[in-house]
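See structure below.
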Amino acid sequence: MKFLFKGPELRRRGVLGMNARNVDYIQKYNPRRSYPNADSKMRAKLLARRAGIQVPELYQVVYSIGQFDSALENIASRESFVIKPDHGSGGEGVLVLSRNSEGVLTSTSGTPVSREALKIHVANTISGLYSLAGQPDSALFEYKIEFDPVFEKISYQGVPDIRIIVFRGIPVLAMLRLPTKESDGRANLHQGAVGVGVHMAFGTTTFAVFSTSQIQEHPDTGNPITGLEIPHWDQMLEIAASCVEVFELGYFGVDLVVDKSRGPMLLEVNVRPGLAIQLANRVGLKKRLEVVEALDELPTTVEDRIKFTKEVIAPIRLQQ
Amino acid sequence: MTRSVLLLALVLCATSLVVLLYRYKQLNTPLLPSTTSAVWKVEAMVEIKNRELPVRIRMPVPSGGKRALVVQEAFQSSGLATAIIGKESDRSIVWTGKLARDREPVLYYWAVIETGTRYLRQPKKLKSPQSVIRSVAGSDYIELLEKFTAVQKEASSDDRDLVSRIQSLFRSKLSNEMKFINGITRSEASSARLFSGMLRLAGMPSYTARGFLAVKAEREISPRYWTRVYIDDHWEDIFPLLQKQPDAGKLLFWNYVDIARGKTKKNTGLRRISFAVAPDATVVHPSALRTGQESTFWTIISLDRLPVSMQATYRVMLLIPVGALIVTFFRAVIGLKTFGTFMPILIALSFRETGLFWGIELLGVVVFAGLMIRALLSKLHLLLVSRLAATLSVVILLVLAIGRVSHVVEFAQGYTVTLFPIVILTMIIERIMVSWEETGAINTLMLACNSLLLAVISYLAMMQPVVQHIVFNFPESILFILSITLLLGRYTYYRLSELFRFRSLAEDI
């Protein structure tokens with residue numbers, strides 16, 4: 001029961017709580033009209049592409065179930081693809097498919113997925129089963145990331161991604177999210193993925209949390225997950241730092257993936273990034289946010305922002 | 001921003017309290033509900049002797065009309081021609097005809113009655129005191145009693161003294177010539193009538209009333225008879241045989257006429273009438289406002305002037321902000337995660353109909369059975385909307401089945417399950433199912449338990465008589481709730497759950 005009295009200590013260390021995140025950052029810095037830029041994955045994709053940010057290629061959009069058959073025909077030549085709801089959240093409703101040697105579509109675990117089951121999934125997506133407020137949605141068929149071999153040893157099925165929290169254009173905190181058996185291939189911490197803290201200056205992994213406990217190795221593969229170097233780290237920081245103008249948001253998280261052949265890509269933008277990232281990094285987010293908030297003049301170029309991140313933000317740790 | 005919220009909250013809070021206090025002072029609405037229930041349900045069970053023979057049963061019922069103490073009434077006719085005849089204080093229910101073959105030989109009349117006797121007026125037609133005495137004690141004693149009352153009147157200092165002097169006749173040792181009264185005092189009805197007759201001989205307005213003395217719920221209660229007398233500009237209720245008079249707030253007035261008078265020429269085929277009473281929590285204390293004051297701005301917002309059926313709606317409506325406040329508190333301060341934001345309130349409201357224990361049982365049964373069927377539906381690969389619609393139909397059938405089965409096994413709570421919000425149940429089932437598939441069993445069970453916990457807490461809070469009394473009689477208290485809700489909206493401290501979640505960050509490693 002000692003934890004009940006830890007409030008002042010958490011506050012001193014600059015740990016950000018959900019209420020404060022909602023009121024002091026999300027509501028204050030994110031204009032409502034910009035929410036769709038992030039909430040719609042398709043819109044985010046279009047905006048990012050226009051700004052020259054690399055995104056997974058969009059093959060097909062299915063607005064109504066009548067388009068399903070032609071959509072499936074159009075992507076018949078693709079070896080693999082991902083179906084996701086345009087307005088999904090928390091990785092719900094994401095289906096990763098690839099063809100096996102016989103050309104049959106299978107899920108990440110290798111079980112065949114029938115055309116009928118696929119159609120039902122798409123129909124459910126369109127009717128809003130996975131969308132934020134249950135409103136009608138559309139289903140996106142897009143490029144399936146072939147992730148960098150660095151991550152092969154430290155993730156179980158699914159695609160590992162890198163979440164960077166950006167505040168007023170400045171990347172402040174990052175985490176590598178590794179799918180596990182428990183998370184069923186998804187990279188969301190509350191579904192059982194591993195969160196790995198990332199040093200903002202060097203792109204090396206620091207701590208790791210699985211569920212609520214600190215770990216050193218991946219729970220399924222047993223390989224070490226701290227002390228690794230994330231490939232293309234500077235490029236990722238560049239993407240994160242250039243997002244503020246693209247999405248017109250003040251406080252948000254970007255989810256990035258590293259493709260084997262194409263390098264870092266922007267997967268999606270999140271207006272309500274979770275707070276578990278603090279546990280993975282053992283860093284109080286509020287402390288870093290306050291430094292940025294106190295700035296009279298924000299760095300305007302991407303280079304200056306990254307410089308600020310590396311020189312001022314990265315050294316801010318929990319115990320200070 | 002924070003400052004304007006604080007300011008607004010302060011203004012709302014102050015407005016609410018000022019209006020509340022003003023209305024409390026001005027209109028005398030009690031701030032707390034009275035400890036004894038002010039509204040009781042009375043059930044008259046009329047048993048029929050022989051179901052083969054035609055019956056004609058006439059039973060006096062509580063007075064209706066504008067200033068009636070009756071809040072609601074209902075009856076069961078079991079296939080007989082039934083009517084409530086007469087008006088105001090002279091009303092009766094009449095059942096005539098032959099009982100349908102498949103019916104129980106029992107008829108019911110229910111009424112929800114306010115306690116107290118404040119609206120009662122003297123019956124229009126009163127027999128002369130002499131004829132009352134004649135019918136109770138016989139004509140031989142009229143002269144004796146006339147003399148007795150005259151002596152008492154002479155000796156008494158004031159009206160109250162006179163009443164107690166005459167009343168002493170029923171309770172103390174009597175002289176030989178008055179011994180006859182002992183025979184009369186065996187019956188409460190006769191002594192009440194004799195008492196009122198003697199009071200009228202002494203020149204005091206008086207009459208007898210019939211009803212019940214409601215103290216606690218009773219399955220079998222006998223009608224009581226008492227005397228009303230006009231002393232010091234108001235009517236008082238006196239049971240002549242009792243030393244200590246019961247609180248008038250516990251009296252349920254039924255009628256001036258004998259209620260259970262079964263064996264009269266008017267009734268054929270009646271075996272007996274029995275009564276049961278129970279406090280009725282669903283109708284809250286009707287405040288002093290209803291006594292017919294002038295409408296002013298302050299009385300316009302008094303909801304207890306509305307018809308009772310409308311009151312019931314407002315009563316439920318005004319409880320919703322209370323539930324919402326609790327949900328907000330548990331979200332922002334405790335950090336409890338539930339299915340849907342306001343689903344717990346809706347569950348809590350449905351518990352009002354069933355009671356907590358059966359509410360949880362019924363909810364559990366319906367949701368569990370619904371989940372089973374939903375799991376089957378899931379195998380059919382239906383579209384979302386059709387699946388929801390199918391689940392909805394299944395839920396309705398389940399609710400119907402539970403209702404019918406409990407009717408057959410005579411389990412009363414079954415009826416009320418139909419009032420469970422069916423669409424809400426369907427959504428609960430769907431949410432549980434999706435959450436189960438997406439986030440696993442443990443997480444889902446946790447969410448379900450949290451939702452139920454919050455529903456129970458909101459229910460318990462909303463069912464507090466004090467809470468119900470205040471939000472209904474002082475709707476301005478909603479502004480107070482609003483101000484707290486606003487403040488909670490700017491609460492940026494850690495949630496209790498986060499203190500646990502982030503506890504490792506408070507320690508060095």
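Chain labels A, B, ... are given in the sequence in which chains occur in the structure tokens; within each chain residues are numbered consecutively from 1, and ligands are likewise numbered from 1 in the order shown.
The environment of range 302-305 of chain A within 6 Å, counting only C-alpha atoms and disregarding residues fewer than 4 places along the same chain, consists of Ile170, Ala241 and Ser242 of chain A.
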Keeping only C-alpha atoms, write the selected residues to a file as a short mmCIF file (atom, residue, chain, number, x, y, z; two decimals), in the first residue's frame.
data_model
loop_
_atom_site.label_atom_id
_atom_site.label_comp_id
_atom_site.auth_asym_id
_atom_site.auth_seq_id
_atom_site.Cartn_x
_atom_site.Cartn_y
_atom_site.Cartn_z
CA ILE A 170 10.61 18.25 -30.84
CA ALA A 241 10.68 16.21 -36.24
CA SER A 242 9.17 17.05 -39.59
#
DSSP helix (DSSP H, G or I) selection over range 129-178 of chain A, as an NGL selection string: :A and (149-154)
Next, dump the selected residues to file, keeping only C-alpha atoms, as a PDB file, in the first residue's frame.
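Here's the written file result.pdb:
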ATOM      1  CA  PRO A 149      16.688  -8.383 -39.745  1.00  0.00           C
ATOM      2  CA  VAL A 150      17.913  -6.594 -36.624  1.00  0.00           C
ATOM      3  CA  PHE A 151      14.465  -7.107 -35.178  1.00  0.00           C
ATOM      4  CA  GLU A 152      14.053 -10.701 -36.239  1.00  0.00           C
ATOM      5  CA  LYS A 153      15.588 -12.116 -33.101  1.00  0.00           C
ATOM      6  CA  ILE A 154      13.647  -9.921 -30.773  1.00  0.00           C
TER       7      ILE A 154
END
Per residue of chain A within 7 Å of chain B, note the shortest atom pair and the distance in Å to one decimal, counting only C-alpha atoms, and order the rows by chain and increasing residue number, as a tab-separated table.
residue	atom	partner	partner_atom	distance
A:Phe3	CA	B:Phe500	CA	5.7
A:Leu4	CA	B:Leu499	CA	6.2
A:Lys6	CA	B:Ala506	CA	6.5
A:Gly7	CA	B:Leu499	CA	6.3
A:Glu9	CA	B:Ala506	CA	5.9
A:Leu10	CA	B:Ala506	CA	5.4
A:Gly17	CA	B:Tyr494	CA	5.1
A:Asn19	CA	B:Thr492	CA	4.7
A:Ala20	CA	B:Thr492	CA	4.2
A:Val23	CA	B:Arg490	CA	6.9
A:Glu92	CA	B:Glu438	CA	6.9
A:Ile120	CA	B:His381	CA	6.2
A:Ala123	CA	B:Leu383	CA	6.3
A:Asn124	CA	B:Leu384	CA	5.5
A:Ser127	CA	B:Leu384	CA	6.4
A:Gln191	CA	B:Thr439	CA	6.1
A:Leu279	CA	B:Leu505	CA	7.0
A:Arg282	CA	B:Leu505	CA	6.3
Can I get the selection written as a tab-separated table (two decimals), in the first residue's frame, with N, CA and C atoms?
chain	number	residue	atom	x	y	z
A	3	PHE	N	2.48	2.45	-2.29
A	3	PHE	CA	2.37	3.20	-3.55
A	3	PHE	C	1.36	4.34	-3.47
A	4	LEU	N	0.41	4.22	-2.54
A	4	LEU	CA	-0.62	5.25	-2.41
A	4	LEU	C	-0.02	6.61	-2.06
A	6	LYS	N	2.99	7.68	-3.07
A	6	LYS	CA	4.10	8.00	-3.96
A	6	LYS	C	3.79	9.16	-4.90
A	7	GLY	N	2.57	9.71	-4.80
A	7	GLY	CA	2.18	10.80	-5.70
A	7	GLY	C	3.18	11.94	-5.74
A	9	GLU	N	6.29	12.04	-4.93
A	9	GLU	CA	7.58	11.62	-5.48
A	9	GLU	C	7.50	11.49	-7.01
A	10	LEU	N	6.39	10.92	-7.50
A	10	LEU	CA	6.20	10.81	-8.95
A	10	LEU	C	6.16	12.19	-9.57
A	17	GLY	N	0.79	11.84	-15.70
A	17	GLY	CA	-0.40	11.00	-15.49
A	17	GLY	C	-1.40	11.21	-16.62
A	19	ASN	N	-4.61	12.05	-16.54
A	19	ASN	CA	-5.43	13.26	-16.47
A	19	ASN	C	-4.65	14.47	-16.95
A	20	ALA	N	-3.41	14.57	-16.49
A	20	ALA	CA	-2.60	15.72	-16.87
A	20	ALA	C	-2.30	15.67	-18.37
A	23	VAL	N	-5.54	16.89	-20.18
A	23	VAL	CA	-5.91	18.29	-20.00
A	23	VAL	C	-4.78	19.23	-20.43
A	92	GLU	N	-6.34	-2.80	-33.10
A	92	GLU	CA	-7.47	-3.71	-33.26
A	92	GLU	C	-7.91	-3.77	-34.72
A	120	ILE	N	-15.79	-11.29	-44.27
A	120	ILE	CA	-16.46	-10.94	-43.02
A	120	ILE	C	-15.65	-9.91	-42.25
A	123	ALA	N	-16.03	-6.67	-43.89
A	123	ALA	CA	-17.39	-6.15	-43.66
A	123	ALA	C	-17.52	-5.60	-42.24
A	124	ASN	N	-16.97	-6.32	-41.27
A	124	ASN	CA	-16.99	-5.85	-39.88
A	124	ASN	C	-16.24	-4.52	-39.76
A	127	SER	N	-18.33	-1.78	-41.18
A	127	SER	CA	-19.48	-1.40	-40.35
A	127	SER	C	-19.05	-0.77	-39.02
A	191	GLN	N	-1.67	-4.86	-24.85
A	191	GLN	CA	-2.07	-6.19	-25.33
A	191	GLN	C	-0.97	-7.21	-25.07
A	279	LEU	N	7.56	4.01	-18.47
A	279	LEU	CA	8.07	2.84	-17.76
A	279	LEU	C	9.20	2.20	-18.56
A	282	ARG	N	12.10	4.54	-18.18
A	282	ARG	CA	12.36	5.04	-16.83
A	282	ARG	C	12.68	6.54	-16.91
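The smallest atom-to-atom distance between Glu116 in chain A and any of A:Gln278, A:Glu217, A:Val172, A:Phe68, using only C-alpha atoms, is found for A:Phe68.
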Secondary structure check, strand (DSSP E) residues of range 11-156 of chain A, as number ranges by chain: A: 58-62, 80-85, 95-99, 105-106, 139-143
Let me see the file: selected residues, C-alpha atoms, as a PDB file, in the first residue's frame.
ATOM      1  CA  LEU A  58      -1.623   1.891 -50.089  1.00  0.00           C
ATOM      2  CA  TYR A  59      -2.874  -0.766 -52.500  1.00  0.00           C
ATOM      3  CA  GLN A  60      -6.575  -0.468 -52.166  1.00  0.00           C
ATOM      4  CA  VAL A  61      -9.326   1.185 -50.146  1.00  0.00           C
ATOM      5  CA  VAL A  62     -12.593  -0.646 -49.637  1.00  0.00           C
ATOM      6  CA  SER A  80       1.674 -10.203 -48.817  1.00  0.00           C
ATOM      7  CA  PHE A  81      -0.409  -7.314 -47.567  1.00  0.00           C
ATOM      8  CA  VAL A  82      -2.059  -5.877 -44.484  1.00  0.00           C
ATOM      9  CA  ILE A  83      -5.750  -5.055 -43.986  1.00  0.00           C
ATOM     10  CA  LYS A  84      -6.479  -2.408 -41.385  1.00  0.00           C
ATOM     11  CA  PRO A  85      -9.396  -0.216 -40.424  1.00  0.00           C
ATOM     12  CA  LEU A  95      -4.894  -8.426 -40.267  1.00  0.00           C
ATOM     13  CA  VAL A  96      -1.474  -9.318 -41.694  1.00  0.00           C
ATOM     14  CA  LEU A  97      -1.656 -11.722 -44.615  1.00  0.00           C
ATOM     15  CA  SER A  98       0.864 -13.460 -46.824  1.00  0.00           C
ATOM     16  CA  ARG A  99       0.659 -16.195 -49.425  1.00  0.00           C
ATOM     17  CA  LEU A 105      -3.479 -16.527 -47.933  1.00  0.00           C
ATOM     18  CA  THR A 106      -2.343 -17.181 -44.379  1.00  0.00           C
ATOM     19  CA  ALA A 139     -10.738  -0.940 -44.875  1.00  0.00           C
ATOM     20  CA  LEU A 140      -7.228  -0.231 -46.132  1.00  0.00           C
ATOM     21  CA  PHE A 141      -5.160  -2.804 -48.015  1.00  0.00           C
ATOM     22  CA  GLU A 142      -1.530  -1.823 -47.805  1.00  0.00           C
ATOM     23  CA  TYR A 143       2.078  -2.924 -48.166  1.00  0.00           C
TER      24      TYR A 143
END
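Using only C-alpha atoms, the contacts of Val246 in chain A at a cut-off of 12 Å, with sequence neighbours closer than 5 positions omitted, comprise Ser34, Asn37, Ala38, Arg43, Ala44, Lys45, Leu46, Leu47, Ala48, Arg49, Arg50, Ala51, Gly52, Ile53, Gly169, Ile239, Ala240, Ala241, Val254 and Val269 of chain A.
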Spatial neighbours of range 200-207 of chain A, max dist 10 Å, only C-alpha atoms, sep filter under 3 positions, as JSON, numbers by chain: {"A": [164, 171, 172, 173, 174, 175, 176, 195, 196, 197, 214, 215, 216, 225, 226, 227, 228, 229, 230, 231, 232, 233, 234, 236, 237, 279, 280, 281, 282, 306, 307, 308, 309, 310, 311, 312, 313, 314, 315]}
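Each of B:Met198, B:Leu80, B:Gly359, B:Asp232 was checked against Glu143 in chain B using only C-alpha atoms; the smallest atom-to-atom distance is that of B:Met198.
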Residue nearest Asp39 in chain A among A:Asp161, A:Glu102, A:Glu79, A:Asp86 (counting only C-alpha atoms): A:Asp86
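Nearest residue to Ser77 in chain B among B:Tyr108, B:Ile57, B:Arg387, B:Phe329 is B:Tyr108, counting only C-alpha atoms.
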